[in-house]
Amino acid sequence: MAHTPALTQPTDALPNAGARLDRLPTSRFHWSVYWMVAFGLLVGWSNAIGGLVLAVLAEIGWTDNSSSAIFSSLTTAGMFVGALVGGAIGDRLGRRNGFLGFVAFHIITMLVAAASPNMTFLIIVRVFMGMALGGLLTVLFASWTEYVPSRDRGSWSSRASFIGNWSYPICSLIASYLVGVVSPEANWRIQFIIPAFTSTIVLIIVWRLFPESPRWLESKGRYREANELLRKIEADVERQKGITLEPAADAVEEHAKTQGQVNLPYSALFKGELLKRVIVGSFALIAMNVIQYTLINWLPTMLLSQGIDLADSVVLNTMSMFGAPIGIFIAIFIIDRFPRRVFGIGLLLIIAVLGYVYSLQTSMTALSVVGFFLIIFVYMFVCFASAVYVPEIWPTAAKLRGSGLANSVGRVSGILSPYAVAALLDASGVTGVFILLGATAVVTAVVIAVFGVESRGASIESISDVDLS
């Protein structure tokens, strides 16, 4: 027998979307949205294959350290622009439209890249690929926080990151298989075609099933649509669970004056409390980008510089990258147990020490073991920064623009760092590169300690109550 939703409101009444969503038990609604977001993150692995593609291109003589630095730097430049544009589009046109648009754009760029006639053309296409991916990541990570209850938002976001980051070991396994099956000239092209195909499947599913965010609809004053969607979600939950939901009366009284349609100009991000969040979010993502993308794009090359051949370097890279999903899996269970600042600072300090230890290793066994644990902690921080902390600290009305701005500032470091890595690799070897990564981690830990805000367990609506003076 179907139940009538407990909180029935007039169609044009204030939806009170936050309180109504936060009171929902975990249900099929959450899992369906989760799987679409998670697989959207998983299958578009154009960034994860960056270092693997460069290693193959170096083998066939298409690139050297200088060209690889340009490739990596301009990829990040594209992601910089994509994060800014994605934030603006997602806040203006909606979470669903942002998802669809950037997945489609990403597919097109990967197919064009696979047909590149030379390195210059590939680098140019890679800029647009970075724009598509930067916009997609901003939309998915920031939007996802609006669909799940505040009580376990960190765990839910970690789950999405967990699935998404399986792209690294998966594409490494594919690359390892391709090394012995196809020629290097075909190898790197196939590595672009596969995620284009899998992303097309996601595009079709999202087009048919992905719902708009009720919180976003409310922030835009589209109360009728928000209420209709919320009533459908509530009815589905009651039918599935065999319960009658309690009214969100307390939240209605508490937030009625402050919620509803909200207009925050872009300039609001540059003053008061939101400026502090931009600073903290930017530094967290600077550290993430410098550390993560240096390892993704340069680890095979660094191993080659130590005298390890291409096949063994790909194997070592693959073994290390299995630490990515394991690190995020661990984060699922512990991230909501610690204050956000304590969690982030602790991870950064561990990464700084472990990275230096890794740079001193020379044997295959030591590189495998230390690299594996290093990647575990790196991806726990990646999960913390990109999937949990930075996406959750913004008001709904400016969520994607705030997250997009922080992502864009964070990407600036990714534009510059490849040149520093190339120079350090030539001048002082692998150890110099890891000293750079450790210094970046320590500086970011200090910034989080001084300016960080605590968002663990806080509702999006309470996070939205900020002083803009």
# chains A, B, ... in the order shown; residues from 1 in each chain; ligands from 1
$ residues_around --residues "segment 405-417 of chain A" --least-positions-apart "6" --cutoff "10 Å" --atoms "only C-alpha atoms" --output "PyMOL selection string"
chain A and resi 69-88+134-135+137-138+266+269+277-294+386+390-391+399+423+433+436-437
$ residues_around --residues "Ala458 of chain A" --least-positions-apart "4" --cutoff "8 Å" --atoms "only C-alpha atoms" --output "list in words"
Ser150, Arg151, Ser462 and Ile463 of chain A
$ atom_distance --atom1 "atom CA of Val353 of chain A" --atom2 "atom CA of Ser428 of chain A"
18.5 Å
$ closest_residue --among "A:Met129, A:Ala17, A:Leu354, A:Ile332" --to "Thr396 of chain A" --atoms "only C-alpha atoms"
A:Ala17
$ residues_around --residues "Pro265 of chain A" --least-positions-apart "5" --cutoff "10 Å" --atoms "only C-alpha atoms" --output "PyMOL selection string"
chain A and resi 397-398+401
$ write_last_selection --atoms "all heavy atoms" --output "PDB file, in the first residue's frame"
ATOM      1  N   ALA A 397      23.462  28.445  -3.691  1.00  0.00           N
ATOM      2  CA  ALA A 397      23.343  29.430  -4.767  1.00  0.00           C
ATOM      3  C   ALA A 397      24.661  29.706  -5.463  1.00  0.00           C
ATOM      4  O   ALA A 397      24.679  30.196  -6.599  1.00  0.00           O
ATOM      5  CB  ALA A 397      22.766  30.735  -4.218  1.00  0.00           C
ATOM      6  N   ALA A 398      25.774  29.430  -4.798  1.00  0.00           N
ATOM      7  CA  ALA A 398      27.086  29.672  -5.408  1.00  0.00           C
ATOM      8  C   ALA A 398      27.978  28.440  -5.312  1.00  0.00           C
ATOM      9  O   ALA A 398      29.194  28.548  -5.415  1.00  0.00           O
ATOM     10  CB  ALA A 398      27.772  30.862  -4.739  1.00  0.00           C
ATOM     11  N   ARG A 401      30.026  27.703  -8.576  1.00  0.00           N
ATOM     12  CA  ARG A 401      30.957  28.798  -8.858  1.00  0.00           C
ATOM     13  C   ARG A 401      32.075  28.842  -7.815  1.00  0.00           C
ATOM     14  O   ARG A 401      33.246  29.045  -8.146  1.00  0.00           O
ATOM     15  CB  ARG A 401      30.214  30.133  -8.908  1.00  0.00           C
ATOM     16  CG  ARG A 401      29.440  30.355 -10.209  1.00  0.00           C
ATOM     17  CD  ARG A 401      28.592  31.593 -10.129  1.00  0.00           C
ATOM     18  NE  ARG A 401      27.515  31.421  -9.159  1.00  0.00           N
ATOM     19  CZ  ARG A 401      26.781  32.428  -8.662  1.00  0.00           C
ATOM     20  NH1 ARG A 401      27.042  33.676  -9.027  1.00  0.00           N
ATOM     21  NH2 ARG A 401      25.818  32.177  -7.806  1.00  0.00           N
TER      22      ARG A 401
END
$ closest_residue --among "A:Ala226, A:Val125, A:Leu367, A:Leu100" --to "Asp12 of chain A" --atoms "only C-alpha atoms"
A:Ala226
$ residues_around --residues "Gly429 of chain A" --least-positions-apart "3" --cutoff "12 Å" --atoms "only C-alpha atoms" --output "PyMOL selection string"
chain A and resi 301-306+359-360+420-426+432-436
$ closest_residue --among "A:Gly94, A:Gly457, A:Gly272, A:Gly355" --to "Pro149 of chain A" --atoms "only C-alpha atoms"
A:Gly457
$ atom_distance --atom1 "atom CA of Leu347 of chain A" --atom2 "atom CA of Trp144 of chain A"
23.6 Å
$ residues_around --residues "Val342 of chain A" --least-positions-apart "5" --cutoff "12 Å" --atoms "only C-alpha atoms" --output "VMD selection string"
chain A and resid 334 to 337 347 to 349 381 384 389 445 to 446 448 to 450 452 to 456
$ write_last_selection --atoms "all heavy atoms" --output "compact mmCIF listing (two decimals), in the first residue's frame"
# COMPACT_ATOMS: atom_id res chain seq x y z
N ILE A 334 36.30 6.33 7.61
CA ILE A 334 36.88 7.14 8.68
C ILE A 334 36.72 8.64 8.50
O ILE A 334 36.92 9.40 9.44
CB ILE A 334 38.38 6.81 8.86
CG1 ILE A 334 39.19 7.25 7.64
CG2 ILE A 334 38.58 5.34 9.15
CD1 ILE A 334 40.69 7.08 7.82
N ILE A 335 36.33 9.09 7.31
CA ILE A 335 36.36 10.53 7.04
C ILE A 335 35.37 11.31 7.89
O ILE A 335 35.61 12.47 8.24
CB ILE A 335 36.15 10.82 5.54
CG1 ILE A 335 36.61 12.23 5.20
CG2 ILE A 335 34.69 10.58 5.13
CD1 ILE A 335 36.82 12.49 3.73
N ASP A 336 34.23 10.69 8.24
CA ASP A 336 33.25 11.38 9.08
C ASP A 336 33.51 11.18 10.57
O ASP A 336 32.74 11.66 11.41
CB ASP A 336 31.83 10.91 8.74
CG ASP A 336 31.30 11.56 7.47
OD1 ASP A 336 31.68 12.72 7.20
OD2 ASP A 336 30.52 10.92 6.73
N ARG A 337 34.60 10.52 10.91
CA ARG A 337 34.95 10.30 12.31
C ARG A 337 35.90 11.35 12.85
O ARG A 337 36.09 11.46 14.06
CB ARG A 337 35.58 8.91 12.49
CG ARG A 337 34.63 7.77 12.17
CD ARG A 337 35.32 6.42 12.33
NE ARG A 337 34.43 5.32 12.04
CZ ARG A 337 33.65 4.72 12.93
NH1 ARG A 337 33.67 5.12 14.18
NH2 ARG A 337 32.87 3.73 12.57
N LEU A 347 46.95 13.95 6.77
CA LEU A 347 47.29 13.30 5.51
C LEU A 347 48.44 14.03 4.80
O LEU A 347 49.36 13.40 4.26
CB LEU A 347 46.07 13.25 4.59
CG LEU A 347 44.96 12.28 5.00
CD1 LEU A 347 43.77 12.42 4.08
CD2 LEU A 347 45.46 10.84 4.99
N LEU A 348 48.40 15.34 4.78
CA LEU A 348 49.43 16.12 4.10
C LEU A 348 50.82 15.88 4.71
O LEU A 348 51.81 15.74 3.99
CB LEU A 348 49.09 17.61 4.14
CG LEU A 348 47.95 18.05 3.20
CD1 LEU A 348 47.47 19.44 3.58
CD2 LEU A 348 48.41 18.02 1.75
N LEU A 349 50.88 15.82 6.02
CA LEU A 349 52.17 15.60 6.68
C LEU A 349 52.70 14.19 6.40
O LEU A 349 53.91 14.00 6.19
CB LEU A 349 52.04 15.85 8.18
CG LEU A 349 51.68 17.29 8.57
CD1 LEU A 349 51.57 17.42 10.08
CD2 LEU A 349 52.70 18.28 8.02
N PHE A 381 43.85 11.88 0.50
CA PHE A 381 43.78 13.34 0.46
C PHE A 381 43.01 13.83 -0.77
O PHE A 381 42.27 14.80 -0.70
CB PHE A 381 45.18 13.96 0.47
CG PHE A 381 45.14 15.46 0.47
CD1 PHE A 381 44.84 16.15 1.64
CD2 PHE A 381 45.37 16.19 -0.68
CE1 PHE A 381 44.76 17.54 1.66
CE2 PHE A 381 45.30 17.58 -0.68
CZ PHE A 381 45.00 18.25 0.50
N PHE A 384 39.50 13.58 0.19
CA PHE A 384 39.19 14.65 1.14
C PHE A 384 39.01 15.99 0.44
O PHE A 384 38.02 16.69 0.66
CB PHE A 384 40.31 14.74 2.17
CG PHE A 384 40.31 16.02 2.96
CD1 PHE A 384 39.47 16.19 4.05
CD2 PHE A 384 41.16 17.07 2.61
CE1 PHE A 384 39.47 17.38 4.77
CE2 PHE A 384 41.18 18.26 3.33
CZ PHE A 384 40.32 18.42 4.41
N TYR A 389 35.68 17.95 1.08
CA TYR A 389 35.84 19.23 1.77
C TYR A 389 35.53 20.43 0.88
O TYR A 389 34.68 21.25 1.20
CB TYR A 389 37.26 19.34 2.33
CG TYR A 389 37.45 20.50 3.27
CD1 TYR A 389 36.64 20.67 4.39
CD2 TYR A 389 38.47 21.43 3.06
CE1 TYR A 389 36.83 21.73 5.26
CE2 TYR A 389 38.69 22.48 3.94
CZ TYR A 389 37.85 22.63 5.04
OH TYR A 389 38.05 23.68 5.90
N ALA A 445 49.13 22.39 4.60
CA ALA A 445 48.71 22.00 5.95
C ALA A 445 48.63 23.22 6.86
O ALA A 445 47.71 23.36 7.67
CB ALA A 445 49.68 20.96 6.52
N VAL A 446 49.59 24.13 6.74
CA VAL A 446 49.59 25.35 7.55
C VAL A 446 48.38 26.23 7.20
O VAL A 446 47.71 26.76 8.09
CB VAL A 446 50.90 26.14 7.34
CG1 VAL A 446 50.81 27.51 8.02
CG2 VAL A 446 52.09 25.35 7.87
N ILE A 448 45.46 25.30 5.96
CA ILE A 448 44.24 24.68 6.48
C ILE A 448 44.14 24.89 7.99
O ILE A 448 43.06 25.15 8.53
CB ILE A 448 44.20 23.18 6.13
CG1 ILE A 448 44.07 23.00 4.61
CG2 ILE A 448 43.03 22.49 6.84
CD1 ILE A 448 44.13 21.56 4.16
N ALA A 449 45.27 24.79 8.69
CA ALA A 449 45.27 24.99 10.14
C ALA A 449 44.85 26.41 10.52
O ALA A 449 44.14 26.61 11.50
CB ALA A 449 46.66 24.68 10.70
N VAL A 450 45.25 27.40 9.72
CA VAL A 450 44.98 28.79 10.05
C VAL A 450 43.60 29.24 9.57
O VAL A 450 42.87 29.91 10.31
CB VAL A 450 46.07 29.70 9.44
CG1 VAL A 450 45.73 31.18 9.67
CG2 VAL A 450 47.43 29.38 10.05
N GLY A 452 41.13 27.15 7.87
CA GLY A 452 40.14 26.12 7.58
C GLY A 452 38.84 26.29 8.35
O GLY A 452 38.83 26.77 9.48
N VAL A 453 37.75 25.88 7.73
CA VAL A 453 36.43 25.90 8.36
C VAL A 453 36.02 24.45 8.62
O VAL A 453 36.43 23.54 7.91
CB VAL A 453 35.38 26.61 7.48
CG1 VAL A 453 35.74 28.07 7.31
CG2 VAL A 453 35.25 25.93 6.12
N GLU A 454 35.21 24.24 9.65
CA GLU A 454 34.76 22.89 9.99
C GLU A 454 33.37 22.65 9.41
O GLU A 454 32.43 23.37 9.74
CB GLU A 454 34.75 22.71 11.51
CG GLU A 454 34.41 21.29 11.94
CD GLU A 454 35.32 20.27 11.25
OE1 GLU A 454 36.57 20.41 11.33
OE2 GLU A 454 34.78 19.33 10.63
N SER A 455 33.26 21.65 8.55
CA SER A 455 31.98 21.38 7.87
C SER A 455 31.47 19.97 8.12
O SER A 455 30.43 19.60 7.59
CB SER A 455 32.15 21.61 6.36
OG SER A 455 33.25 20.87 5.86
N ARG A 456 32.16 19.19 8.91
CA ARG A 456 31.73 17.82 9.15
C ARG A 456 30.35 17.80 9.79
O ARG A 456 30.12 18.39 10.85
CB ARG A 456 32.72 17.10 10.06
CG ARG A 456 32.34 15.64 10.36
CD ARG A 456 33.28 14.97 11.32
NE ARG A 456 33.38 15.66 12.60
CZ ARG A 456 33.78 15.08 13.73
NH1 ARG A 456 34.14 13.81 13.72
NH2 ARG A 456 33.86 15.76 14.85
